[in-house]
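Source file final27.tsv; content: TSV, C-alpha atoms.
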chain	number	residue	atom	x	y	z
E	12	MET	CA	-12.48	5.34	-48.83
E	13	ILE	CA	-14.67	6.73	-46.08
E	14	ASP	CA	-13.94	3.62	-44.03
E	15	ILE	CA	-10.25	4.48	-44.02
E	16	VAL	CA	-10.99	8.04	-42.84
E	17	LEU	CA	-13.22	6.72	-40.07
E	18	ALA	CA	-10.62	4.15	-39.00
E	19	LEU	CA	-7.88	6.78	-38.88
E	20	LEU	CA	-10.01	9.27	-36.90
E	21	SER	CA	-11.19	6.68	-34.38
E	22	THR	CA	-7.67	5.29	-33.94
E	23	ALA	CA	-6.28	8.75	-33.23
E	24	GLY	CA	-9.12	9.44	-30.78
E	25	ALA	CA	-8.78	6.15	-28.92
E	26	LEU	CA	-4.98	6.50	-28.70
E	27	SER	CA	-5.15	10.01	-27.27
E	28	ILE	CA	-7.68	8.83	-24.68
E	29	LEU	CA	-5.29	5.97	-23.83
E	30	PHE	CA	-2.41	8.45	-23.46
E	31	ALA	CA	-4.57	10.61	-21.18
E	32	SER	CA	-5.29	7.66	-18.91
E	33	ILE	CA	-1.64	6.56	-18.86
E	34	GLY	CA	-0.76	10.17	-18.00
E	35	ILE	CA	-3.18	10.37	-15.08
E	36	LEU	CA	-1.65	7.18	-13.72
E	37	ARG	CA	2.03	7.96	-14.23
E	38	MET	CA	2.49	11.71	-13.78
E	39	PRO	CA	4.16	12.69	-10.49
E	40	ASP	CA	1.84	15.37	-9.09
E	41	PHE	CA	-1.70	16.68	-9.34
E	42	TYR	CA	-1.01	19.69	-11.55
E	43	LEU	CA	0.88	17.65	-14.15
E	44	ARG	CA	-1.91	15.06	-14.15
E	45	LEU	CA	-4.50	17.80	-14.70
E	46	SER	CA	-2.48	19.31	-17.52
E	47	VAL	CA	-2.12	15.97	-19.30
E	48	THR	CA	-5.64	14.63	-18.99
E	49	VAL	CA	-7.85	17.59	-19.88
E	50	LYS	CA	-6.29	18.35	-23.24
E	51	ALA	CA	-5.75	14.78	-24.41
E	52	SER	CA	-9.19	13.50	-23.38
E	53	THR	CA	-10.98	16.45	-25.00
E	54	LEU	CA	-9.07	15.82	-28.23
E	55	GLY	CA	-9.82	12.09	-28.14
E	56	VAL	CA	-13.53	12.38	-27.48
E	57	GLY	CA	-13.77	15.16	-30.06
E	58	LEU	CA	-12.22	12.92	-32.72
E	59	LEU	CA	-14.58	10.04	-31.85
E	60	LEU	CA	-17.57	12.38	-32.08
E	61	ILE	CA	-16.40	13.70	-35.46
E	62	CYS	CA	-16.19	10.05	-36.48
E	63	ALA	CA	-19.86	9.61	-35.50
E	64	ALA	CA	-20.78	12.82	-37.33
E	65	ILE	CA	-19.28	11.45	-40.55
E	66	MET	CA	-20.73	7.98	-40.07
E	67	PHE	CA	-24.43	8.85	-39.76
E	68	PRO	CA	-25.87	10.26	-43.02
E	69	ASP	CA	-28.20	12.59	-41.14
E	70	VAL	CA	-27.99	16.32	-40.52
E	71	SER	CA	-29.48	16.09	-37.02
E	72	VAL	CA	-26.81	13.66	-35.82
E	73	THR	CA	-24.03	15.77	-37.31
E	74	THR	CA	-25.40	18.87	-35.59
E	75	LYS	CA	-25.69	17.01	-32.30
E	76	ALA	CA	-22.14	15.65	-32.46
E	77	ILE	CA	-20.70	19.06	-33.33
E	78	ALA	CA	-22.71	20.58	-30.46
E	79	ILE	CA	-21.19	18.06	-28.01
E	80	VAL	CA	-17.67	18.80	-29.29
E	81	PHE	CA	-18.28	22.54	-28.96
E	82	PHE	CA	-19.65	22.12	-25.43
E	83	LEU	CA	-16.69	19.95	-24.39
E	84	ILE	CA	-14.15	22.40	-25.81
E	85	ILE	CA	-15.81	25.26	-23.92
E	86	THR	CA	-16.35	23.54	-20.56
E	87	ALA	CA	-13.23	21.38	-20.14
E	88	PRO	CA	-10.79	24.30	-19.56
E	89	ILE	CA	-13.25	26.00	-17.18
E	90	GLY	CA	-13.61	22.88	-15.05
E	91	ALA	CA	-9.87	22.25	-15.09
E	92	HIS	CA	-9.13	25.83	-14.08
E	93	MET	CA	-11.60	25.71	-11.17
E	94	ILE	CA	-10.36	22.37	-9.82
E	95	GLY	CA	-6.73	23.47	-10.17
E	96	ARG	CA	-7.46	26.69	-8.31
E	97	ALA	CA	-9.24	24.78	-5.54
E	98	ALA	CA	-6.29	22.38	-5.30
E	99	TYR	CA	-3.84	25.27	-5.02
E	100	PHE	CA	-5.84	26.87	-2.19
E	101	THR	CA	-6.21	23.66	-0.22
E	102	GLY	CA	-2.44	23.17	-0.28
E	103	THR	CA	-1.90	20.29	-2.67
E	104	PRO	CA	1.90	19.95	-2.79
E	105	LEU	CA	3.83	20.40	-6.01
E	106	TRP	CA	6.20	17.76	-7.37
E	107	LYS	CA	9.61	17.75	-5.66
E	108	GLY	CA	11.37	18.56	-8.94
E	109	THR	CA	9.44	21.82	-9.37
E	110	ILE	CA	11.81	24.74	-9.99
E	111	ALA	CA	9.40	27.69	-10.06
E	112	ASP	CA	6.02	28.52	-8.53
E	113	GLU	CA	5.14	32.00	-9.71
E	114	LEU	CA	1.90	32.11	-7.72
E	115	THR	CA	3.62	31.85	-4.32
E	116	GLY	CA	2.48	34.71	-2.09
E	117	MET	CA	0.46	36.32	-4.86
E	118	TYR	CA	-2.89	35.07	-3.56
E	119	ASP	CA	-4.63	36.72	-0.64
E	120	GLU	CA	-5.23	33.95	1.89
E	121	GLU	CA	-8.52	35.40	3.16
E	122	THR	CA	-10.31	36.62	0.07
E	123	HIS	CA	-8.66	34.33	-2.54
E	124	THR	CA	-8.05	37.29	-4.82
E	125	LEU	CA	-4.91	37.65	-6.90
E	126	GLU	CA	-2.40	40.41	-6.14
E	127	SER	CA	-0.26	41.71	-8.96
E	128	GLU	CA	2.23	43.99	-7.19
E	129	GLU	CA	5.78	42.72	-7.13
E	130	GLU	CA	6.50	43.86	-3.56
E	131	GLU	CA	3.76	41.62	-2.24
E	132	ARG	CA	5.80	38.60	-3.22
E	133	ASP	CA	8.72	39.01	-0.84
E	134	LYS	CA	6.77	38.55	2.35
E	135	GLY	CA	5.02	35.51	0.94
E	136	ASP	CA	5.94	32.11	2.28
E	137	ALA	CA	7.91	29.43	0.50
E	138	PRO	CA	6.27	27.49	-2.35
E	139	ASN	CA	4.47	24.34	-1.35
E	140	ILE	CA	6.86	21.85	-2.95
E	141	ALA	CA	6.80	18.26	-1.74
E	142	GLU	CA	9.87	16.87	0.04
E	143	THR	CA	9.54	13.35	-1.31
E	144	ASP	CA	7.88	11.57	-4.19
E	145	GLU	CA	5.55	9.78	-1.79
E	146	GLU	CA	3.58	12.92	-0.90
E	147	THR	CA	2.29	13.45	-4.39
E	148	LYS	CA	2.32	9.90	-5.74
G	176	MET	CA	-10.19	-7.80	-45.28
G	177	ILE	CA	-11.00	-6.29	-41.91
G	178	THR	CA	-14.33	-4.57	-41.77
G	179	LEU	CA	-14.84	-1.31	-39.93
G	180	GLU	CA	-17.32	-3.00	-37.58
G	181	ALA	CA	-14.74	-5.58	-36.52
G	182	TYR	CA	-12.17	-2.81	-36.10
G	183	PHE	CA	-14.46	-0.90	-33.75
G	184	ASP	CA	-15.31	-4.06	-31.82
G	185	TYR	CA	-11.84	-5.52	-31.42
G	186	VAL	CA	-9.55	-2.47	-31.36
G	187	ILE	CA	-11.28	0.79	-30.42
G	188	LEU	CA	-13.60	-0.43	-27.67
G	189	PRO	CA	-10.88	-2.53	-25.89
G	190	ILE	CA	-8.53	0.48	-25.94
G	191	LEU	CA	-11.23	2.63	-24.33
G	192	SER	CA	-12.00	-0.08	-21.75
G	193	ILE	CA	-8.33	-0.36	-20.78
G	194	SER	CA	-8.24	3.44	-20.41
G	195	VAL	CA	-11.18	3.35	-17.99
G	196	MET	CA	-9.43	0.66	-15.95
G	197	LEU	CA	-6.22	2.71	-15.74
G	198	VAL	CA	-8.17	5.77	-14.57
G	199	PHE	CA	-9.95	3.65	-11.96
G	200	ILE	CA	-6.56	2.84	-10.40
G	201	ARG	CA	-5.99	6.58	-9.93
G	202	LEU	CA	-9.52	6.98	-8.55
G	203	PHE	CA	-8.72	4.42	-5.83
G	204	LYS	CA	-5.19	5.63	-5.11
G	205	GLY	CA	-5.96	9.29	-4.66
G	206	PRO	CA	-4.00	10.61	-2.73
G	207	ALA	CA	-5.93	13.91	-2.48
G	208	VAL	CA	-9.62	14.56	-3.09
G	209	VAL	CA	-8.82	16.71	-6.14
G	210	ASP	CA	-7.05	13.75	-7.78
G	211	ARG	CA	-10.23	11.71	-7.42
G	212	VAL	CA	-12.35	14.52	-8.82
G	213	VAL	CA	-10.15	14.75	-11.91
G	214	ALA	CA	-10.20	10.96	-12.29
G	215	LEU	CA	-14.01	10.93	-12.06
G	216	ASP	CA	-14.23	13.69	-14.65
G	217	LEU	CA	-11.94	11.73	-16.97
G	218	ILE	CA	-14.01	8.56	-16.51
G	219	ILE	CA	-17.18	10.39	-17.53
G	220	THR	CA	-15.38	11.91	-20.53
G	221	ILE	CA	-14.18	8.48	-21.65
G	222	GLY	CA	-17.76	7.30	-21.11
G	223	ILE	CA	-18.90	9.84	-23.69
G	224	GLY	CA	-16.41	8.31	-26.11
G	225	ILE	CA	-17.61	4.77	-25.39
G	226	ILE	CA	-21.25	5.81	-25.90
G	227	THR	CA	-20.29	7.41	-29.22
G	228	VAL	CA	-18.55	4.28	-30.48
G	229	TYR	CA	-21.44	2.14	-29.26
G	230	SER	CA	-23.96	4.31	-31.05
G	231	ILE	CA	-21.93	3.94	-34.24
G	232	ARG	CA	-21.76	0.16	-33.81
G	233	SER	CA	-25.43	-0.39	-32.98
G	234	ASP	CA	-26.60	2.24	-35.49
G	235	GLN	CA	-28.72	3.95	-32.85
G	236	GLN	CA	-28.32	7.70	-33.05
G	237	VAL	CA	-30.47	8.22	-29.94
G	238	PHE	CA	-27.50	7.33	-27.71
G	239	LEU	CA	-25.85	10.64	-28.60
G	240	ASP	CA	-28.47	12.38	-26.43
G	241	VAL	CA	-27.09	10.44	-23.46
G	242	ALA	CA	-23.64	11.75	-24.39
G	243	ILE	CA	-24.94	15.33	-24.19
G	244	ILE	CA	-26.36	14.71	-20.71
G	245	LEU	CA	-23.11	13.08	-19.55
G	246	ALA	CA	-21.06	16.04	-20.80
G	247	LEU	CA	-23.32	18.38	-18.81
G	248	ILE	CA	-23.08	16.25	-15.67
G	249	ALA	CA	-19.29	16.02	-15.90
G	250	PHE	CA	-18.94	19.79	-16.11
G	251	LEU	CA	-21.44	20.50	-13.34
G	252	GLY	CA	-19.89	17.85	-11.07
G	253	THR	CA	-16.38	19.21	-11.50
G	254	VAL	CA	-17.48	22.80	-10.89
G	255	ALA	CA	-19.51	21.83	-7.81
G	256	PHE	CA	-16.65	19.80	-6.34
G	257	ALA	CA	-14.20	22.65	-6.99
G	258	TYR	CA	-16.55	25.19	-5.37
G	259	TYR	CA	-17.06	23.18	-2.20
G	260	ILE	CA	-13.42	22.06	-1.88
G	261	GLU	CA	-12.39	25.71	-2.08
G	262	LYS	CA	-14.97	26.77	0.54
G	263	GLN	CA	-13.94	23.94	2.87
G	264	LYS	CA	-10.63	25.66	3.67
G	265	ASP	CA	-12.37	28.72	5.16
G	266	ASP	CA	-13.81	26.93	8.19
Can you give me the file's structure in the form of C-alpha coordinates?
Amino acid sequence: MIDIVLALLSTAGALSILFASIGILRMPDFYLRLSVTVKASTLGVGLLLICAAIMFPDVSVTTKAIAIVFFLIITAPIGAHMIGRAAYFTGTPLWKGTIADELTGMYDEETHTLESEEEERDKGDAPNIAETDEETK
Amino acid sequence: MITLEAYFDYVILPILSISVMLVFIRLFKGPAVVDRVVALDLIITIGIGIITVYSIRSDQQVFLDVAIILALIAFLGTVAFAYYIEKQKDD
(Lines of atoms letter the chains of each structure in order from A and count residues from 1; the text may use other names and numbers.)
(Lines give C-alpha, C1' and ligand atoms only; values in the text may rest on other atoms or scores of the structure.)
Protein backbone atom coordinates (compact mmCIF):
# COMPACT_ATOMS: atom_id res chain seq x y z
CA MET A 1 0.00 0.00 0.00
CA ILE A 2 2.68 2.48 1.01
CA ASP A 3 4.67 1.45 -2.06
CA ILE A 4 1.85 2.65 -4.29
CA VAL A 5 1.73 6.01 -2.49
CA LEU A 6 5.49 6.40 -2.85
CA ALA A 7 5.39 5.46 -6.54
CA LEU A 8 2.60 7.95 -7.23
CA LEU A 9 4.34 10.79 -5.36
CA SER A 10 7.71 10.19 -6.99
CA THR A 11 6.13 9.90 -10.45
CA ALA A 12 4.32 13.21 -10.02
CA GLY A 13 7.52 14.85 -8.76
CA ALA A 14 9.72 13.52 -11.56
CA LEU A 15 7.15 14.47 -14.22
CA SER A 16 6.82 18.04 -12.98
CA ILE A 17 10.62 18.38 -12.97
CA LEU A 18 10.63 17.04 -16.54
CA PHE A 19 7.97 19.59 -17.54
CA ALA A 20 10.04 22.36 -15.94
CA SER A 21 13.08 21.40 -17.99
CA ILE A 22 11.06 21.10 -21.21
CA GLY A 23 9.63 24.54 -20.40
CA ILE A 24 13.02 26.17 -19.91
CA LEU A 25 14.07 24.77 -23.28
CA ARG A 26 10.96 25.57 -25.31
CA MET A 27 9.49 28.81 -23.93
CA PRO A 28 10.06 31.85 -26.18
CA ASP A 29 11.48 34.45 -23.79
CA PHE A 30 13.22 34.80 -20.45
CA TYR A 31 10.21 35.85 -18.38
CA LEU A 32 8.07 32.93 -19.57
CA ARG A 33 10.96 30.54 -18.87
CA LEU A 34 11.31 31.94 -15.35
CA SER A 35 7.59 31.64 -14.73
CA VAL A 36 7.51 28.01 -15.86
CA THR A 37 10.60 26.68 -14.14
CA VAL A 38 10.39 28.09 -10.62
CA LYS A 39 6.93 26.80 -9.79
CA ALA A 40 7.21 23.40 -11.46
CA SER A 41 10.66 22.57 -10.10
CA THR A 42 9.73 23.58 -6.55
CA LEU A 43 6.65 21.36 -6.74
CA GLY A 44 8.63 18.44 -8.14
CA VAL A 45 11.45 18.54 -5.62
CA GLY A 46 8.92 19.05 -2.83
CA LEU A 47 7.06 15.89 -3.85
CA LEU A 48 10.31 13.88 -4.02
CA LEU A 49 11.29 15.11 -0.55
CA ILE A 50 7.86 14.20 0.86
CA CYS A 51 8.48 10.78 -0.68
CA ALA A 52 11.74 10.53 1.29
CA ALA A 53 9.99 11.73 4.44
CA ILE A 54 7.47 8.89 4.17
CA MET A 55 10.09 6.31 3.22
CA PHE A 56 12.45 6.65 6.20
CA PRO A 57 10.83 5.51 9.47
CA ASP A 58 12.70 8.14 11.47
CA VAL A 59 11.52 11.43 12.93
CA SER A 60 14.81 13.22 12.26
CA VAL A 61 14.69 12.47 8.53
CA THR A 62 11.07 13.57 8.29
CA THR A 63 11.89 16.83 10.05
CA LYS A 64 14.87 17.39 7.78
CA ALA A 65 12.88 16.75 4.60
CA ILE A 66 10.06 19.05 5.70
CA ALA A 67 12.64 21.71 6.58
CA ILE A 68 14.12 21.51 3.06
CA VAL A 69 10.65 21.78 1.48
CA PHE A 70 9.84 24.78 3.68
CA PHE A 71 13.14 26.45 2.81
CA LEU A 72 12.64 25.85 -0.92
CA ILE A 73 9.08 27.21 -0.85
CA ILE A 74 10.30 30.36 0.93
CA THR A 75 13.44 31.04 -1.13
CA ALA A 76 12.42 30.09 -4.68
CA PRO A 77 10.02 33.04 -5.23
CA ILE A 78 12.53 35.48 -3.70
CA GLY A 79 15.31 34.35 -6.01
CA ALA A 80 12.99 34.37 -9.02
CA HIS A 81 11.76 37.86 -8.20
CA MET A 82 15.30 39.22 -7.84
CA ILE A 83 16.59 37.67 -11.07
CA GLY A 84 13.50 38.81 -12.97
CA ARG A 85 13.93 42.34 -11.66
CA ALA A 86 17.61 42.34 -12.65
CA ALA A 87 16.68 41.06 -16.12
CA TYR A 88 14.09 43.81 -16.55
CA PHE A 89 16.62 46.52 -15.61
CA THR A 90 19.33 45.21 -17.89
CA GLY A 91 16.93 45.33 -20.84
CA THR A 92 16.17 41.71 -21.58
CA PRO A 93 13.65 41.90 -24.44
CA LEU A 94 10.15 40.52 -24.11
CA TRP A 95 8.70 37.98 -26.53
CA LYS A 96 7.48 39.52 -29.80
CA GLY A 97 3.91 38.35 -29.12
CA THR A 98 3.70 40.33 -25.86
CA ILE A 99 0.59 42.53 -25.81
CA ALA A 100 1.04 44.41 -22.53
CA ASP A 101 3.97 45.53 -20.37
CA GLU A 102 2.49 47.35 -17.42
CA LEU A 103 5.89 48.21 -15.95
CA THR A 104 6.97 50.37 -18.91
CA GLY A 105 8.05 53.80 -17.67
CA MET A 106 7.06 53.03 -14.10
CA TYR A 107 10.61 52.40 -12.92
CA ASP A 108 13.01 55.24 -12.18
CA GLU A 109 16.06 54.59 -14.35
CA GLU A 110 18.52 56.03 -11.82
CA THR A 111 17.33 54.80 -8.46
CA HIS A 112 15.45 51.65 -9.60
CA THR A 113 12.46 52.60 -7.47
CA LEU A 114 8.89 52.03 -8.59
CA GLU A 115 6.62 54.98 -9.35
CA SER A 116 2.90 54.54 -8.91
CA GLU A 117 1.45 57.74 -10.39
CA GLU A 118 -0.42 57.30 -13.62
CA GLU A 119 0.90 60.50 -15.23
CA GLU A 120 4.45 59.21 -15.00
CA ARG A 121 3.60 56.57 -17.56
CA ASP A 122 2.97 58.77 -20.58
CA LYS A 123 6.47 60.13 -20.89
CA GLY A 124 7.93 56.66 -20.52
CA ASP A 125 9.45 55.00 -23.54
CA ALA A 126 8.03 52.10 -25.50
CA PRO A 127 8.09 48.62 -23.97
CA ASN A 128 11.14 46.55 -24.74
CA ILE A 129 9.47 43.97 -26.99
CA ALA A 130 11.65 41.95 -29.34
CA GLU A 131 11.23 42.42 -33.09
CA THR A 132 11.95 38.83 -34.02
CA ASP A 133 11.94 35.42 -32.38
CA GLU A 134 15.71 35.21 -32.73
CA GLU A 135 16.40 37.90 -30.12
CA THR A 136 14.88 35.96 -27.29
CA LYS A 137 15.37 32.39 -28.49
CA MET B 1 5.72 -7.59 -10.00
CA ILE B 2 7.81 -4.45 -10.22
CA THR B 3 9.50 -3.51 -7.00
CA LEU B 4 9.75 0.07 -5.83
CA GLU B 5 13.55 -0.12 -6.00
CA ALA B 6 13.47 -1.08 -9.67
CA TYR B 7 10.93 1.67 -10.32
CA PHE B 8 13.22 4.29 -8.78
CA ASP B 9 16.22 2.92 -10.68
CA TYR B 10 14.68 2.54 -14.12
CA VAL B 11 12.00 5.25 -14.25
CA ILE B 12 12.52 8.10 -11.78
CA LEU B 13 16.29 8.54 -12.01
CA PRO B 14 16.37 8.42 -15.87
CA ILE B 15 13.60 11.05 -16.01
CA LEU B 16 15.61 13.31 -13.72
CA SER B 17 18.79 12.73 -15.75
CA ILE B 18 17.03 13.62 -19.00
CA SER B 19 15.75 16.79 -17.29
CA VAL B 20 19.29 17.82 -16.35
CA MET B 21 20.43 17.26 -19.94
CA LEU B 22 17.60 19.42 -21.31
CA VAL B 23 18.48 22.24 -18.89
CA PHE B 24 22.14 21.97 -19.90
CA ILE B 25 21.14 22.80 -23.49
CA ARG B 26 19.62 26.05 -22.21
CA LEU B 27 22.72 26.71 -20.11
CA PHE B 28 24.87 26.54 -23.25
CA LYS B 29 22.47 28.42 -25.53
CA GLY B 30 21.88 31.42 -23.32
CA PRO B 31 21.26 33.91 -24.96
CA ALA B 32 21.46 36.33 -22.01
CA VAL B 33 23.32 35.94 -18.72
CA VAL B 34 20.04 35.80 -16.78
CA ASP B 35 18.95 32.76 -18.80
CA ARG B 36 22.10 30.96 -17.72
CA VAL B 37 21.57 31.96 -14.10
CA VAL B 38 18.05 30.52 -14.12
CA ALA B 39 19.31 27.36 -15.84
CA LEU B 40 22.04 26.94 -13.21
CA ASP B 41 19.49 27.42 -10.44
CA LEU B 42 17.24 24.80 -12.00
CA ILE B 43 20.14 22.35 -12.34
CA ILE B 44 20.94 22.68 -8.63
CA THR B 45 17.26 22.24 -7.76
CA ILE B 46 17.06 19.06 -9.86
CA GLY B 47 20.27 17.99 -8.12
CA ILE B 48 18.44 18.18 -4.80
CA GLY B 49 15.82 15.85 -6.25
CA ILE B 50 18.44 13.40 -7.53
CA ILE B 51 20.18 13.37 -4.12
CA THR B 52 16.83 12.68 -2.45
CA VAL B 53 16.06 9.73 -4.71
CA TYR B 54 19.60 8.42 -4.28
CA SER B 55 19.36 8.63 -0.52
CA ILE B 56 16.11 6.65 -0.69
CA ARG B 57 17.71 4.03 -2.94
CA SER B 58 20.93 3.60 -0.96
CA ASP B 59 19.13 3.90 2.40
CA GLN B 60 21.58 6.56 3.57
CA GLN B 61 19.74 9.38 5.29
CA VAL B 62 22.95 11.41 5.65
CA PHE B 63 22.68 12.53 2.01
CA LEU B 64 19.75 14.76 2.93
CA ASP B 65 22.22 17.08 4.69
CA VAL B 66 23.89 17.63 1.32
CA ALA B 67 20.48 18.55 -0.08
CA ILE B 68 20.10 21.25 2.60
CA ILE B 69 23.50 22.73 1.68
CA LEU B 70 22.65 22.65 -2.04
CA ALA B 71 19.35 24.45 -1.43
CA LEU B 72 21.22 27.17 0.47
CA ILE B 73 23.86 27.51 -2.26
CA ALA B 74 21.24 27.73 -5.00
CA PHE B 75 19.42 30.55 -3.24
CA LEU B 76 22.59 32.47 -2.37
CA GLY B 77 23.98 32.05 -5.90
CA THR B 78 20.82 33.34 -7.54
CA VAL B 79 20.57 36.32 -5.21
CA ALA B 80 24.25 37.20 -5.66
CA PHE B 81 24.02 36.96 -9.46
CA ALA B 82 20.87 39.09 -9.47
CA TYR B 83 22.50 41.72 -7.23
CA TYR B 84 25.61 42.08 -9.37
CA ILE B 85 23.78 41.93 -12.72
CA GLU B 86 21.56 44.76 -11.51
CA LYS B 87 24.55 46.84 -10.33
CA GLN B 88 26.40 46.25 -13.60
CA LYS B 89 24.01 48.55 -15.49
CA ASP B 90 24.94 51.58 -13.38
CA ASP B 91 28.52 51.89 -14.66
>> Nearest residue to chain E out of G:Met176, G:Ile226, G:Ala181, G:Val198, using all atoms listed in the file?
In response: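 Comparing G:Met176, G:Ile226, G:Ala181, G:Val198 against chain E, the winner is G:Val198.
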> Do you have the CA of Ser233 in chain G-CA of Asp184 in chain G distance handy?
Replying inline: 10.8 Å
>> For a quick test of understanding: name the residues of chain G lying within 8 Å of chain E when counting only C-alpha atoms, and present them as JSON, numbers by chain.
In response: {"G": [179, 182, 187, 190, 191, 193, 194, 195, 197, 198, 200, 201, 206, 207, 209, 210, 213, 214, 217, 220, 221, 223, 224, 227, 228, 231, 236, 239, 240, 242, 243, 246, 250, 253, 254, 256, 257, 258, 260, 261, 264, 265]}
Okay, now the selection with C-alpha atoms, as a PDB file, in the coordinates of the input?
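For reference, part_35.pdb as written:
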ATOM      1  CA  LEU G 179     -14.840  -1.310 -39.930  1.00  0.00           C
ATOM      2  CA  TYR G 182     -12.170  -2.810 -36.100  1.00  0.00           C
ATOM      3  CA  ILE G 187     -11.280   0.790 -30.420  1.00  0.00           C
ATOM      4  CA  ILE G 190      -8.530   0.480 -25.940  1.00  0.00           C
ATOM      5  CA  LEU G 191     -11.230   2.630 -24.330  1.00  0.00           C
ATOM      6  CA  ILE G 193      -8.330  -0.360 -20.780  1.00  0.00           C
ATOM      7  CA  SER G 194      -8.240   3.440 -20.410  1.00  0.00           C
ATOM      8  CA  VAL G 195     -11.180   3.350 -17.990  1.00  0.00           C
ATOM      9  CA  LEU G 197      -6.220   2.710 -15.740  1.00  0.00           C
ATOM     10  CA  VAL G 198      -8.170   5.770 -14.570  1.00  0.00           C
ATOM     11  CA  ILE G 200      -6.560   2.840 -10.400  1.00  0.00           C
ATOM     12  CA  ARG G 201      -5.990   6.580  -9.930  1.00  0.00           C
ATOM     13  CA  PRO G 206      -4.000  10.610  -2.730  1.00  0.00           C
ATOM     14  CA  ALA G 207      -5.930  13.910  -2.480  1.00  0.00           C
ATOM     15  CA  VAL G 209      -8.820  16.710  -6.140  1.00  0.00           C
ATOM     16  CA  ASP G 210      -7.050  13.750  -7.780  1.00  0.00           C
ATOM     17  CA  VAL G 213     -10.150  14.750 -11.910  1.00  0.00           C
ATOM     18  CA  ALA G 214     -10.200  10.960 -12.290  1.00  0.00           C
ATOM     19  CA  LEU G 217     -11.940  11.730 -16.970  1.00  0.00           C
ATOM     20  CA  THR G 220     -15.380  11.910 -20.530  1.00  0.00           C
ATOM     21  CA  ILE G 221     -14.180   8.480 -21.650  1.00  0.00           C
ATOM     22  CA  ILE G 223     -18.900   9.840 -23.690  1.00  0.00           C
ATOM     23  CA  GLY G 224     -16.410   8.310 -26.110  1.00  0.00           C
ATOM     24  CA  THR G 227     -20.290   7.410 -29.220  1.00  0.00           C
ATOM     25  CA  VAL G 228     -18.550   4.280 -30.480  1.00  0.00           C
ATOM     26  CA  ILE G 231     -21.930   3.940 -34.240  1.00  0.00           C
ATOM     27  CA  GLN G 236     -28.320   7.700 -33.050  1.00  0.00           C
ATOM     28  CA  LEU G 239     -25.850  10.640 -28.600  1.00  0.00           C
ATOM     29  CA  ASP G 240     -28.470  12.380 -26.430  1.00  0.00           C
ATOM     30  CA  ALA G 242     -23.640  11.750 -24.390  1.00  0.00           C
ATOM     31  CA  ILE G 243     -24.940  15.330 -24.190  1.00  0.00           C
ATOM     32  CA  ALA G 246     -21.060  16.040 -20.800  1.00  0.00           C
ATOM     33  CA  PHE G 250     -18.940  19.790 -16.110  1.00  0.00           C
ATOM     34  CA  THR G 253     -16.380  19.210 -11.500  1.00  0.00           C
ATOM     35  CA  VAL G 254     -17.480  22.800 -10.890  1.00  0.00           C
ATOM     36  CA  PHE G 256     -16.650  19.800  -6.340  1.00  0.00           C
ATOM     37  CA  ALA G 257     -14.200  22.650  -6.990  1.00  0.00           C
ATOM     38  CA  TYR G 258     -16.550  25.190  -5.370  1.00  0.00           C
ATOM     39  CA  ILE G 260     -13.420  22.060  -1.880  1.00  0.00           C
ATOM     40  CA  GLU G 261     -12.390  25.710  -2.080  1.00  0.00           C
ATOM     41  CA  LYS G 264     -10.630  25.660   3.670  1.00  0.00           C
ATOM     42  CA  ASP G 265     -12.370  28.720   5.160  1.00  0.00           C
TER      43      ASP G 265
END
>> Using only C-alpha atoms for the distances, tell me which of G:Gly222, G:Tyr229, G:Val208, G:Phe183 is nearest to Tyr259 in chain G.
In response: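 For Tyr259 in chain G, the nearest of the given residues is G:Val208.
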>> (4.5, 21.6, -4.1) in this file's frame - what residues fall within 7 Å of it? Use all atoms listed in the file and give the answer as a ChimeraX atom specification.
In response: /E:103-107,138-141
> Interatomic distance between CA of Leu215 in chain G and CA of Ala249 in chain G?
Replying inline: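 Between these atoms lies a distance of 8.3 Å.
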